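*Asks:* Contents of data02.csv (CSV, C-alpha atoms):
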```csv
chain,number,residue,atom,x,y,z
T,1,MET,CA,-67.4,69.8,-52.0
T,2,SER,CA,-70.9,71.0,-52.7
T,3,GLN,CA,-73.7,68.6,-53.6
T,4,PRO,CA,-75.0,68.7,-57.2
T,5,THR,CA,-78.4,70.4,-57.7
T,6,ILE,CA,-81.3,69.9,-60.1
T,7,ARG,CA,-84.1,72.2,-61.0
T,8,VAL,CA,-87.6,71.0,-60.7
T,9,SER,CA,-90.8,73.1,-60.8
T,10,GLY,CA,-88.6,76.2,-60.2
T,11,ARG,CA,-87.0,74.7,-57.1
T,12,SER,CA,-83.3,73.9,-56.7
T,13,ILE,CA,-82.8,70.5,-55.1
T,14,GLU,CA,-79.6,69.3,-53.7
T,15,VAL,CA,-79.2,65.6,-54.7
T,16,SER,CA,-76.8,63.0,-53.6
T,17,ASN,CA,-75.6,59.5,-54.5
T,18,LEU,CA,-77.4,59.6,-57.9
T,19,ASP,CA,-75.5,56.5,-59.0
T,20,LYS,CA,-76.5,54.4,-56.0
T,21,ILE,CA,-78.3,51.3,-57.1
T,22,LEU,CA,-81.7,50.9,-55.4
T,23,PHE,CA,-82.9,48.0,-57.5
T,24,PRO,CA,-79.9,45.6,-58.0
T,25,ASP,CA,-81.8,43.2,-60.3
T,26,SER,CA,-82.5,45.9,-62.9
T,27,GLY,CA,-79.8,48.4,-62.2
T,28,ILE,CA,-82.2,51.2,-61.3
T,29,SER,CA,-80.4,54.0,-59.5
T,30,LYS,CA,-81.5,56.7,-57.2
T,31,GLY,CA,-81.1,59.1,-60.1
T,32,ASP,CA,-83.5,57.0,-62.1
T,33,LEU,CA,-86.0,57.1,-59.3
T,34,ILE,CA,-85.8,60.9,-59.1
T,35,GLU,CA,-86.2,61.2,-62.8
T,36,TYR,CA,-89.2,58.9,-62.8
T,37,TYR,CA,-91.0,60.9,-60.2
T,38,ARG,CA,-90.2,64.2,-62.0
T,39,ARG,CA,-91.6,62.8,-65.2
T,40,ILE,CA,-94.7,61.2,-63.7
T,41,ALA,CA,-95.7,64.3,-61.8
T,42,ASP,CA,-98.1,65.7,-64.3
T,43,VAL,CA,-100.2,62.5,-64.3
T,44,ALA,CA,-99.7,61.6,-60.6
T,45,LEU,CA,-100.1,64.9,-58.8
T,46,PRO,CA,-103.9,65.2,-59.2
T,47,HIS,CA,-104.1,62.0,-57.1
T,48,TYR,CA,-101.6,63.3,-54.5
T,49,ARG,CA,-102.8,66.8,-54.1
T,50,ASP,CA,-103.6,67.9,-50.6
T,51,ARG,CA,-103.3,64.4,-49.2
T,52,PRO,CA,-101.1,63.7,-46.1
T,53,LEU,CA,-98.3,61.5,-47.3
T,54,SER,CA,-96.3,58.8,-45.5
T,55,MET,CA,-92.9,57.7,-46.8
T,56,GLN,CA,-91.6,54.2,-47.3
T,57,CYS,CA,-87.9,54.6,-47.6
T,58,PHE,CA,-85.0,52.3,-48.6
T,59,PRO,CA,-81.8,54.3,-48.4
T,60,ASP,CA,-79.6,51.2,-49.0
T,61,GLY,CA,-81.8,49.8,-51.8
T,62,ILE,CA,-84.6,47.3,-51.7
T,63,THR,CA,-82.4,44.3,-50.7
T,64,GLU,CA,-81.7,46.0,-47.3
T,65,PRO,CA,-84.3,46.8,-44.6
T,66,GLY,CA,-86.3,50.0,-45.2
T,67,TYR,CA,-88.5,52.0,-42.9
T,68,PHE,CA,-91.9,53.7,-42.9
T,69,GLN,CA,-92.0,57.3,-41.8
T,70,LYS,CA,-95.0,59.6,-41.3
T,71,SER,CA,-93.5,62.8,-39.8
T,72,VAL,CA,-91.6,65.3,-41.9
T,73,PRO,CA,-87.9,65.5,-40.8
T,74,GLY,CA,-86.8,68.8,-39.6
T,75,HIS,CA,-84.2,69.2,-42.3
T,76,PHE,CA,-86.8,69.2,-45.1
T,77,PRO,CA,-86.9,72.6,-46.9
T,78,ASP,CA,-89.6,75.1,-46.0
T,79,TRP,CA,-91.1,74.8,-49.5
T,80,VAL,CA,-92.2,71.2,-48.9
T,81,ASP,CA,-95.9,71.7,-48.0
T,82,ARG,CA,-97.0,70.2,-44.7
T,83,VAL,CA,-100.1,69.6,-42.6
T,84,THR,CA,-100.2,68.8,-38.9
T,85,LEU,CA,-103.0,66.5,-37.9
T,86,ALA,CA,-104.1,65.1,-34.6
T,87,LYS,CA,-103.2,61.6,-33.5
T,88,GLU,CA,-103.6,59.7,-30.2
T,89,ASN,CA,-101.7,61.6,-27.5
T,90,GLY,CA,-100.3,64.2,-29.9
T,91,THR,CA,-100.0,65.4,-33.5
T,92,VAL,CA,-98.0,64.4,-36.5
T,93,THR,CA,-96.8,66.6,-39.3
T,94,TYR,CA,-97.1,65.1,-42.8
T,95,ALA,CA,-95.6,66.1,-46.1
T,96,ILE,CA,-98.0,67.1,-48.9
T,97,ALA,CA,-96.9,66.5,-52.5
T,98,ASN,CA,-98.5,69.3,-54.5
T,99,ASP,CA,-95.7,69.8,-57.0
T,100,ALA,CA,-93.1,67.8,-58.9
T,101,ALA,CA,-90.3,69.3,-56.9
T,102,THR,CA,-91.6,67.6,-53.7
T,103,LEU,CA,-91.9,64.3,-55.5
T,104,ALA,CA,-88.3,64.6,-56.7
T,105,TYR,CA,-87.1,65.7,-53.2
T,106,LEU,CA,-88.8,62.7,-51.6
T,107,ALA,CA,-87.1,60.4,-54.2
T,108,ASN,CA,-83.8,61.9,-53.3
T,109,TYR,CA,-84.6,61.1,-49.7
T,110,ALA,CA,-84.9,57.5,-50.9
T,111,CYS,CA,-88.7,57.4,-50.5
T,112,ILE,CA,-89.4,54.8,-53.1
T,113,THR,CA,-93.1,54.4,-52.3
T,114,PRO,CA,-95.4,57.3,-51.1
T,115,HIS,CA,-98.5,56.2,-49.3
T,116,LEU,CA,-101.5,58.6,-49.1
T,117,SER,CA,-104.4,59.2,-46.8
T,118,LEU,CA,-107.9,58.6,-48.2
T,119,ALA,CA,-108.9,62.1,-47.0
T,120,ARG,CA,-107.6,65.5,-48.0
T,121,ARG,CA,-106.0,68.0,-45.6
T,122,ASP,CA,-109.0,70.2,-45.2
T,123,THR,CA,-111.4,67.4,-44.1
T,124,PRO,CA,-109.1,64.9,-42.6
T,125,ASP,CA,-111.9,62.9,-41.0
T,126,HIS,CA,-114.1,62.9,-44.1
T,127,PRO,CA,-112.6,60.8,-46.8
T,128,ASP,CA,-113.1,61.4,-50.5
T,129,ARG,CA,-112.3,57.7,-51.3
T,130,LEU,CA,-113.5,54.4,-50.1
T,131,MET,CA,-111.1,51.5,-50.8
T,132,PHE,CA,-111.2,47.8,-50.9
T,133,ASP,CA,-107.8,46.1,-51.1
T,134,LEU,CA,-108.0,42.7,-52.8
T,135,ASP,CA,-105.1,40.8,-51.1
T,136,PRO,CA,-104.6,37.2,-52.4
T,137,SER,CA,-103.3,34.4,-50.3
T,138,ASP,CA,-100.9,33.3,-53.1
T,139,ASP,CA,-99.6,34.5,-56.4
T,140,ASP,CA,-102.6,33.3,-58.5
T,141,PHE,CA,-103.7,36.6,-59.8
T,142,ARG,CA,-106.8,35.0,-61.5
T,143,LYS,CA,-108.4,34.8,-58.1
T,144,VAL,CA,-107.9,38.6,-57.7
T,145,GLN,CA,-109.5,39.2,-61.1
T,146,THR,CA,-112.5,37.1,-60.1
T,147,ALA,CA,-112.7,38.9,-56.8
T,148,ALA,CA,-112.6,42.3,-58.6
T,149,ALA,CA,-115.5,41.2,-60.9
T,150,GLN,CA,-117.5,40.2,-57.8
T,151,VAL,CA,-116.8,43.5,-56.0
T,152,LYS,CA,-117.7,45.5,-59.1
T,153,ALA,CA,-121.0,43.6,-59.6
T,154,CYS,CA,-121.9,44.4,-56.0
T,155,LEU,CA,-121.0,48.1,-56.3
T,156,ASP,CA,-123.0,48.2,-59.6
T,157,GLU,CA,-126.0,46.8,-57.7
T,158,LEU,CA,-125.6,49.6,-55.2
T,159,ASP,CA,-125.3,52.2,-58.0
T,160,LEU,CA,-121.8,53.2,-56.9
T,161,PRO,CA,-118.9,54.0,-59.3
T,162,SER,CA,-115.8,52.0,-59.1
T,163,PHE,CA,-112.2,52.5,-60.2
T,164,PHE,CA,-109.3,50.0,-60.2
T,165,GLN,CA,-105.6,50.0,-59.7
T,166,THR,CA,-102.9,47.4,-59.6
T,167,THR,CA,-101.0,47.6,-56.3
T,168,GLY,CA,-97.7,47.0,-58.0
T,169,SER,CA,-97.3,43.9,-55.8
T,170,ARG,CA,-99.9,41.1,-55.8
T,171,GLY,CA,-103.3,42.6,-55.6
T,172,LEU,CA,-105.8,45.2,-56.8
T,173,HIS,CA,-107.4,48.3,-55.2
T,174,VAL,CA,-111.0,49.0,-55.8
T,175,VAL,CA,-111.9,52.7,-55.2
T,176,VAL,CA,-115.2,54.4,-54.8
T,177,PRO,CA,-114.9,58.3,-55.0
T,178,LEU,CA,-116.9,60.0,-52.3
T,179,ASP,CA,-118.3,63.5,-51.8
T,180,ARG,CA,-116.9,63.8,-48.3
T,181,SER,CA,-120.3,64.0,-46.6
T,182,ALA,CA,-119.6,61.0,-44.4
T,183,ASP,CA,-116.9,60.6,-41.8
T,184,PHE,CA,-114.4,57.7,-41.6
T,185,ASP,CA,-116.4,55.8,-39.0
T,186,SER,CA,-119.4,55.8,-41.2
T,187,VAL,CA,-117.5,55.0,-44.4
T,188,ARG,CA,-115.7,52.1,-42.7
T,189,ASP,CA,-118.9,50.7,-41.3
T,190,PHE,CA,-120.4,50.7,-44.8
T,191,ALA,CA,-117.3,49.2,-46.3
T,192,ARG,CA,-117.3,46.4,-43.6
T,193,THR,CA,-120.9,45.6,-44.3
T,194,VAL,CA,-120.3,45.4,-48.1
T,195,ALA,CA,-117.2,43.2,-47.5
T,196,GLU,CA,-119.0,40.9,-45.1
T,197,SER,CA,-122.0,40.7,-47.5
T,198,LEU,CA,-119.6,39.8,-50.4
T,199,ALA,CA,-117.8,37.2,-48.3
T,200,ALA,CA,-121.1,35.6,-47.4
T,201,ARG,CA,-122.2,35.6,-51.0
T,202,TYR,CA,-118.9,34.1,-52.3
T,203,PRO,CA,-117.5,32.1,-49.4
T,204,ASP,CA,-115.3,30.0,-51.6
T,205,THR,CA,-113.4,33.0,-53.1
T,206,LEU,CA,-113.6,35.9,-50.7
T,207,THR,CA,-112.9,36.3,-47.0
T,208,VAL,CA,-112.8,39.1,-44.4
T,209,GLU,CA,-110.8,36.9,-42.0
T,210,GLN,CA,-107.9,39.0,-40.7
T,211,ARG,CA,-105.8,36.0,-39.6
T,212,LYS,CA,-103.8,34.8,-42.6
T,213,ASP,CA,-103.9,31.2,-41.4
T,214,LYS,CA,-107.7,31.2,-41.6
T,215,ARG,CA,-108.0,32.6,-45.1
T,216,GLY,CA,-107.1,29.4,-47.0
T,217,ASP,CA,-106.7,30.2,-50.7
T,218,ARG,CA,-109.3,32.9,-50.7
T,219,VAL,CA,-108.8,36.6,-51.5
T,220,PHE,CA,-108.8,38.8,-48.4
T,221,LEU,CA,-111.3,41.7,-48.9
T,222,ASP,CA,-109.5,44.3,-46.8
T,223,TYR,CA,-111.7,47.2,-45.8
T,224,LEU,CA,-109.6,48.3,-42.9
T,225,ARG,CA,-107.8,51.1,-44.7
T,226,ASN,CA,-111.0,53.1,-44.5
T,227,ALA,CA,-109.9,54.7,-41.2
T,228,TYR,CA,-108.4,58.0,-39.9
T,229,GLY,CA,-104.6,57.8,-40.1
T,230,GLN,CA,-104.6,54.8,-42.4
T,231,THR,CA,-102.9,55.1,-45.8
T,232,ALA,CA,-102.8,53.3,-49.2
T,233,VAL,CA,-100.1,53.1,-51.8
T,234,ALA,CA,-100.3,56.1,-54.1
T,235,ALA,CA,-101.3,55.9,-57.8
T,236,TYR,CA,-98.2,55.6,-60.0
T,237,ALA,CA,-96.0,54.9,-56.9
T,238,VAL,CA,-93.0,52.7,-57.4
T,239,ARG,CA,-93.0,49.6,-55.2
T,240,ALA,CA,-89.8,48.3,-53.5
T,241,ILE,CA,-89.9,45.1,-55.4
T,242,ALA,CA,-87.6,43.6,-58.0
T,243,GLY,CA,-88.2,45.3,-61.4
T,244,ALA,CA,-89.5,48.5,-59.8
T,245,PRO,CA,-93.2,47.8,-60.6
T,246,VAL,CA,-95.6,50.8,-60.4
T,247,ALA,CA,-99.1,50.9,-58.9
T,248,THR,CA,-101.1,51.5,-62.0
T,249,PRO,CA,-104.7,52.7,-62.5
T,250,LEU,CA,-106.7,50.6,-65.0
T,251,ARG,CA,-109.8,50.8,-67.1
T,252,TRP,CA,-112.4,48.2,-66.1
T,253,ASP,CA,-112.0,46.4,-69.5
T,254,GLU,CA,-108.3,45.8,-68.6
T,255,VAL,CA,-108.9,44.2,-65.3
T,256,GLY,CA,-110.0,40.8,-66.6
T,257,ALA,CA,-107.3,40.5,-69.3
T,258,SER,CA,-105.6,37.2,-69.4
T,259,ASP,CA,-102.1,38.7,-69.5
T,260,LEU,CA,-102.7,41.2,-66.7
T,261,HIS,CA,-100.4,41.0,-63.7
T,262,PRO,CA,-100.1,43.5,-60.9
T,263,ARG,CA,-96.5,44.0,-61.7
T,264,ASN,CA,-96.9,44.4,-65.4
T,265,TYR,CA,-96.1,48.1,-65.4
T,266,THR,CA,-92.8,49.3,-64.2
T,267,ILE,CA,-90.6,52.4,-64.0
T,268,LYS,CA,-89.3,51.4,-67.4
T,269,ASN,CA,-92.5,50.9,-69.3
T,270,ILE,CA,-95.2,53.0,-67.7
T,271,PHE,CA,-94.6,56.0,-69.9
T,272,ARG,CA,-95.1,53.8,-73.0
T,273,ARG,CA,-98.5,52.9,-71.6
T,274,LEU,CA,-99.3,56.6,-70.8
T,275,ALA,CA,-98.4,57.5,-74.4
T,276,GLN,CA,-101.0,55.1,-75.6
T,277,THR,CA,-103.8,55.6,-73.1
T,278,ASP,CA,-105.0,58.4,-70.9
T,279,ASP,CA,-104.9,58.1,-67.1
T,280,PRO,CA,-108.0,56.0,-66.3
T,281,TRP,CA,-108.4,57.9,-63.0
T,282,SER,CA,-108.3,61.4,-64.6
T,283,ASP,CA,-112.0,61.9,-64.1
T,284,LEU,CA,-112.3,60.0,-60.8
T,285,GLY,CA,-113.2,63.1,-58.8
T,286,ARG,CA,-116.1,63.9,-61.1
T,287,HIS,CA,-117.9,60.7,-60.0
T,288,ALA,CA,-117.8,61.6,-56.3
T,289,CYS,CA,-121.0,60.3,-54.6
T,290,SER,CA,-122.8,60.0,-51.3
T,291,LEU,CA,-123.3,56.6,-49.7
T,292,GLY,CA,-126.8,57.4,-48.5
T,293,ALA,CA,-128.8,55.7,-51.2
T,294,ALA,CA,-126.3,52.8,-51.3
T,295,LYS,CA,-126.7,52.2,-47.6
T,296,ALA,CA,-130.5,52.1,-48.0
T,297,ARG,CA,-130.2,49.5,-50.9
T,298,LEU,CA,-127.8,47.5,-48.8
T,299,SER,CA,-130.1,47.5,-45.8
T,300,ASP,CA,-133.0,46.4,-48.0
T,301,ARG,CA,-131.0,43.4,-49.2
T,302,SER,CA,-130.1,42.2,-45.7
```
Represent the structure contained in this file as structure tokens.
*Replies:*
Amino acid sequence: MSQPTIRVSGRSIEVSNLDKILFPDSGISKGDLIEYYRRIADVALPHYRDRPLSMQCFPDGITEPGYFQKSVPGHFPDWVDRVTLAKENGTVTYAIANDAATLAYLANYACITPHLSLARRDTPDHPDRLMFDLDPSDDDFRKVQTAAAQVKACLDELDLPSFFQTTGSRGLHVVVPLDRSADFDSVRDFARTVAESLAARYPDTLTVEQRKDKRGDRVFLDYLRNAYGQTAVAAYAVRAIAGAPVATPLRWDEVGASDLHPRNYTIKNIFRRLAQTDDPWSDLGRHACSLGAAKARLSDRS
């Protein structure tokens, strides 16, 4: 018996087990996941375009072990865009999600959460985003909101633009769009200096301590994703957590809201939000900047 097919972006995609429940708590099926990524594509794809993509897959649903996969399986269709990049002792071929059909195909593969490089395929060692991941030690999101305000104040002092996103889990991402003039090593060094400066300024609330048992109740200011081969959860990606929360870009005036939680927005309500407000990251690329002047300001402060 042949598999059913769907048409997305002019492509025919064989799909399977559409009724399989991936999120038992909320009854969300693989078919629901495919439909979500098909619908969200218009908003999400500008943030995915030309970025190497890694797949976090849960073929048996989120209550069973999943796996993280970087390389494209050999059975993926030829129309799924790819890029082969160097890694230590070899290469890895990543998928590139440049169309809704690819997002739908990945969802059928049970890729619940796509993770993306901070660089695009044509300059894989020169990122166009710098990221701080605000990772709390507990579930008190107010600490993350305080940390976000502290990070933004610092970036404002350095005359750097900043954009914010819930992770869909416990924290927030703070993103600075870059003009790709600096390589990953330079960007990471700058991010580390900023993070260490912030942790020294706010030792009771922020830390750069990598060992969890040494963080106490402080928010971990993670700058380590700013490296070649590292990834971060994609904008509008579904997380493999009960309720199917979605990593959601925010306006700055939303970040401090008393009712904000990183799992507020889900596969079931994100389209209601998008019907009421534009994507806060729609103009992110137009704010791309160089770190040169900010490095000088940071050096003058130290």
*Asks:* So which residues are close to (-112.5, 56.7, -58.8), meaning at most 10 Å away in the file's coordinates with only C-alpha atoms counted, and can you show them as a list in words?
*Replies:*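 Residues close enough to count: Asp128, Arg129, Leu130, Met131, Pro161, Ser162, Phe163, Phe164, Gln165, Val174, Val175, Val176, Pro177, Leu178, Pro249, Pro280, Trp281, Ser282, Asp283, Leu284, Gly285, Arg286, His287 and Ala288 of chain T.
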*Asks:* I need every residue sitting at most 7 Å from the point (-123.2, 54.9, -45.8) (coordinates as in the file, all atoms listed in the file considered), written as a ChimeraX atom specification.
*Replies:* /T:186-187,190,291-292,294-295
*Asks:* Per residue of stretch 170-244 of chain T within 12 Å of stretch 72-94 of chain T, note the shortest atom pair and the distance in Å to one decimal, counting only C-alpha atoms, and order the rows by chain and increasing residue number, as a Markdown table.
*Replies:*
```
| residue | atom | partner | partner_atom | distance |
| --- | --- | --- | --- | --- |
| T:Tyr228 | CA | T:Lys87 | CA | 9.0 |
| T:Gly229 | CA | T:Lys87 | CA | 7.7 |
| T:Gln230 | CA | T:Lys87 | CA | 11.3 |
| T:Thr231 | CA | T:Tyr94 | CA | 11.9 |
```
*Asks:* I'd like the interatomic distance between atom CA of T:Asp159 and atom CA of T:Ser290, to a tenth of an Å.
*Replies:*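 Separation of atom CA of T:Asp159 and atom CA of T:Ser290: 10.6 Å.
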*Asks:* In terms of the shortest atom-to-atom distance over all atoms listed in the file, which of T:Ala293, T:Ile267, T:Ala242, T:Cys154 is closest to T:Glu35?
*Replies:*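 Of T:Ala293, T:Ile267, T:Ala242, T:Cys154, the one nearest T:Glu35, counting all atoms listed in the file, is T:Ile267.
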*Asks:* Looking at only C-alpha atoms, which of T:Ala195, T:Ile62, T:Val233, T:Ile6 is the one that sits closest to T:Ile21?
*Replies:*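 Using only C-alpha atoms, the shortest distance to T:Ile21 belongs to T:Ile62.
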*Asks:* For T:Tyr36, work out the shell of residues within 9 Å, counting all atoms listed in the file and skipping chain neighbours fewer than 4 positions away, then give it as a PyMOL selection string.
*Replies:* chain T and resi 31-32+40-41+104+107+267-268
*Asks:* Please tabulate, as a tab-separated table, the residues of stretch 99-197 of chain T that come within 12 Å of stretch 207-219 of chain T, each with its closest pair of atoms and the distance in Å to one decimal, counting all atoms listed in the file and ordering rows by chain, then residue number upward.
*Replies:*
```
residue	atom	partner	partner_atom	distance
T:Phe132	CA	T:Val208	CA	11.0
T:Asp133	CA	T:Val219	CA	9.6
T:Leu134	CA	T:Val219	CA	6.3
T:Asp135	CA	T:Val219	CA	5.6
T:Pro136	CA	T:Val219	CA	4.3
T:Ser137	CA	T:Asp217	CA	5.4
T:Asp138	CA	T:Asp217	CA	7.0
T:Asp139	CA	T:Asp217	CA	10.1
T:Asp140	CA	T:Asp217	CA	9.3
T:Phe141	CA	T:Val219	CA	9.7
T:Arg142	CA	T:Val219	CA	10.3
T:Lys143	CA	T:Val219	CA	6.9
T:Val144	CA	T:Val219	CA	6.6
T:Gln145	CA	T:Val219	CA	10.0
T:Thr146	CA	T:Val219	CA	9.4
T:Ala147	CA	T:Val219	CA	7.0
T:Ala148	CA	T:Val219	CA	9.9
T:Gln150	CA	T:Val219	CA	11.3
T:Val151	CA	T:Val219	CA	11.5
T:Arg170	CA	T:Val219	CA	10.9
T:Gly171	CA	T:Val219	CA	9.1
T:Leu172	CA	T:Val219	CA	10.5
T:Ala191	CA	T:Val208	CA	11.2
T:Arg192	CA	T:Val208	CA	8.6
T:Thr193	CA	T:Val208	CA	10.4
T:Val194	CA	T:Val208	CA	10.5
T:Ala195	CA	T:Val208	CA	6.8
T:Glu196	CA	T:Val208	CA	6.5
T:Ser197	CA	T:Val208	CA	9.8
```
*Asks:* Go ahead and save the residues from that selection, with C-alpha atoms, as a CSV table (one decimal), keeping the file's coordinate frame.
*Replies:*
```
chain,number,residue,atom,x,y,z
T,132,PHE,CA,-111.2,47.8,-50.9
T,133,ASP,CA,-107.8,46.1,-51.1
T,134,LEU,CA,-108.0,42.7,-52.8
T,135,ASP,CA,-105.1,40.8,-51.1
T,136,PRO,CA,-104.6,37.2,-52.4
T,137,SER,CA,-103.3,34.4,-50.3
T,138,ASP,CA,-100.9,33.3,-53.1
T,139,ASP,CA,-99.6,34.5,-56.4
T,140,ASP,CA,-102.6,33.3,-58.5
T,141,PHE,CA,-103.7,36.6,-59.8
T,142,ARG,CA,-106.8,35.0,-61.5
T,143,LYS,CA,-108.4,34.8,-58.1
T,144,VAL,CA,-107.9,38.6,-57.7
T,145,GLN,CA,-109.5,39.2,-61.1
T,146,THR,CA,-112.5,37.1,-60.1
T,147,ALA,CA,-112.7,38.9,-56.8
T,148,ALA,CA,-112.6,42.3,-58.6
T,150,GLN,CA,-117.5,40.2,-57.8
T,151,VAL,CA,-116.8,43.5,-56.0
T,170,ARG,CA,-99.9,41.1,-55.8
T,171,GLY,CA,-103.3,42.6,-55.6
T,172,LEU,CA,-105.8,45.2,-56.8
T,191,ALA,CA,-117.3,49.2,-46.3
T,192,ARG,CA,-117.3,46.4,-43.6
T,193,THR,CA,-120.9,45.6,-44.3
T,194,VAL,CA,-120.3,45.4,-48.1
T,195,ALA,CA,-117.2,43.2,-47.5
T,196,GLU,CA,-119.0,40.9,-45.1
T,197,SER,CA,-122.0,40.7,-47.5
```
*Asks:* Which one of T:Lys20, T:Arg301, T:Arg239, T:His261 sits closest to T:Ile112 if you count all atoms listed in the file?
*Replies:*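 For T:Ile112, the nearest of the given residues is T:Arg239.
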*Asks:* Compare T:Pro65, T:Gly10, T:Pro114, T:Gly243 by their minimum atom-to-atom distance to T:Pro52, counting only C-alpha atoms, and give me the closest one.
*Replies:* T:Pro114
*Asks:* Can you measure atom CA of T:Ala110 to atom CA of T:Ser16 for me? One decimal in Å is fine.
*Replies:*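 Going from atom CA of T:Ala110 over to atom CA of T:Ser16 covers 10.2 Å.
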*Asks:* What is the distance between atom CA of T:Leu22 and atom CA of T:Gln56, in Å to one decimal?
*Replies:*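 Value for the atom CA of T:Leu22-atom CA of T:Gln56 distance: 13.2 Å.
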*Asks:* So, counting only C-alpha atoms, which residue among T:Arg273, T:Arg120, T:Lys70, T:Lys30 is closest to T:Tyr236?
*Replies:* T:Arg273
*Asks:* Starting from the incomplete input, reconstruct N, CA and C atoms of stretch 194-212 of chain T and write that as a short mmCIF file (atom, residue, chain, number, x, y, z; two decimals), in the coordinates of the input.
*Replies:*
```
data_model
loop_
_atom_site.label_atom_id
_atom_site.label_comp_id
_atom_site.auth_asym_id
_atom_site.auth_seq_id
_atom_site.Cartn_x
_atom_site.Cartn_y
_atom_site.Cartn_z
N VAL T 194 -120.39 45.89 -46.69
CA VAL T 194 -120.30 45.40 -48.10
C VAL T 194 -119.34 44.22 -48.14
N ALA T 195 -118.20 44.32 -47.47
CA ALA T 195 -117.20 43.20 -47.50
C ALA T 195 -117.78 41.95 -46.91
N GLU T 196 -118.46 42.08 -45.78
CA GLU T 196 -119.00 40.90 -45.10
C GLU T 196 -120.14 40.30 -46.00
N SER T 197 -120.92 41.15 -46.65
CA SER T 197 -122.00 40.70 -47.50
C SER T 197 -121.36 39.89 -48.72
N LEU T 198 -120.28 40.43 -49.28
CA LEU T 198 -119.60 39.80 -50.40
C LEU T 198 -119.00 38.43 -49.95
N ALA T 199 -118.38 38.42 -48.78
CA ALA T 199 -117.80 37.20 -48.30
C ALA T 199 -118.82 36.12 -48.03
N ALA T 200 -120.00 36.54 -47.58
CA ALA T 200 -121.10 35.60 -47.40
C ALA T 200 -121.64 35.07 -48.69
N ARG T 201 -121.66 35.94 -49.69
CA ARG T 201 -122.20 35.60 -51.00
C ARG T 201 -121.22 34.65 -51.76
N TYR T 202 -119.92 34.90 -51.58
CA TYR T 202 -118.90 34.10 -52.30
C TYR T 202 -117.90 33.53 -51.31
N PRO T 203 -118.36 32.61 -50.46
CA PRO T 203 -117.50 32.10 -49.40
C PRO T 203 -116.31 31.29 -49.88
N ASP T 204 -116.37 30.82 -51.12
CA ASP T 204 -115.30 30.00 -51.60
C ASP T 204 -114.13 30.88 -52.22
N THR T 205 -114.42 32.15 -52.48
CA THR T 205 -113.40 33.00 -53.10
C THR T 205 -113.00 34.21 -52.31
N LEU T 206 -113.89 34.69 -51.43
CA LEU T 206 -113.60 35.90 -50.70
C LEU T 206 -113.68 35.66 -49.18
N THR T 207 -112.90 36.43 -48.43
CA THR T 207 -112.90 36.30 -47.00
C THR T 207 -112.64 37.70 -46.37
N VAL T 208 -113.18 37.93 -45.18
CA VAL T 208 -112.80 39.10 -44.40
C VAL T 208 -112.03 38.70 -43.15
N GLU T 209 -111.57 37.46 -43.14
CA GLU T 209 -110.80 36.90 -42.00
C GLU T 209 -109.43 37.62 -41.96
N GLN T 210 -109.15 38.28 -40.83
CA GLN T 210 -107.90 39.00 -40.70
C GLN T 210 -106.70 38.10 -40.46
N ARG T 211 -106.92 36.95 -39.87
CA ARG T 211 -105.80 36.00 -39.60
C ARG T 211 -105.48 35.27 -40.91
N LYS T 212 -104.23 35.39 -41.34
CA LYS T 212 -103.80 34.80 -42.60
C LYS T 212 -104.00 33.27 -42.59
#
```
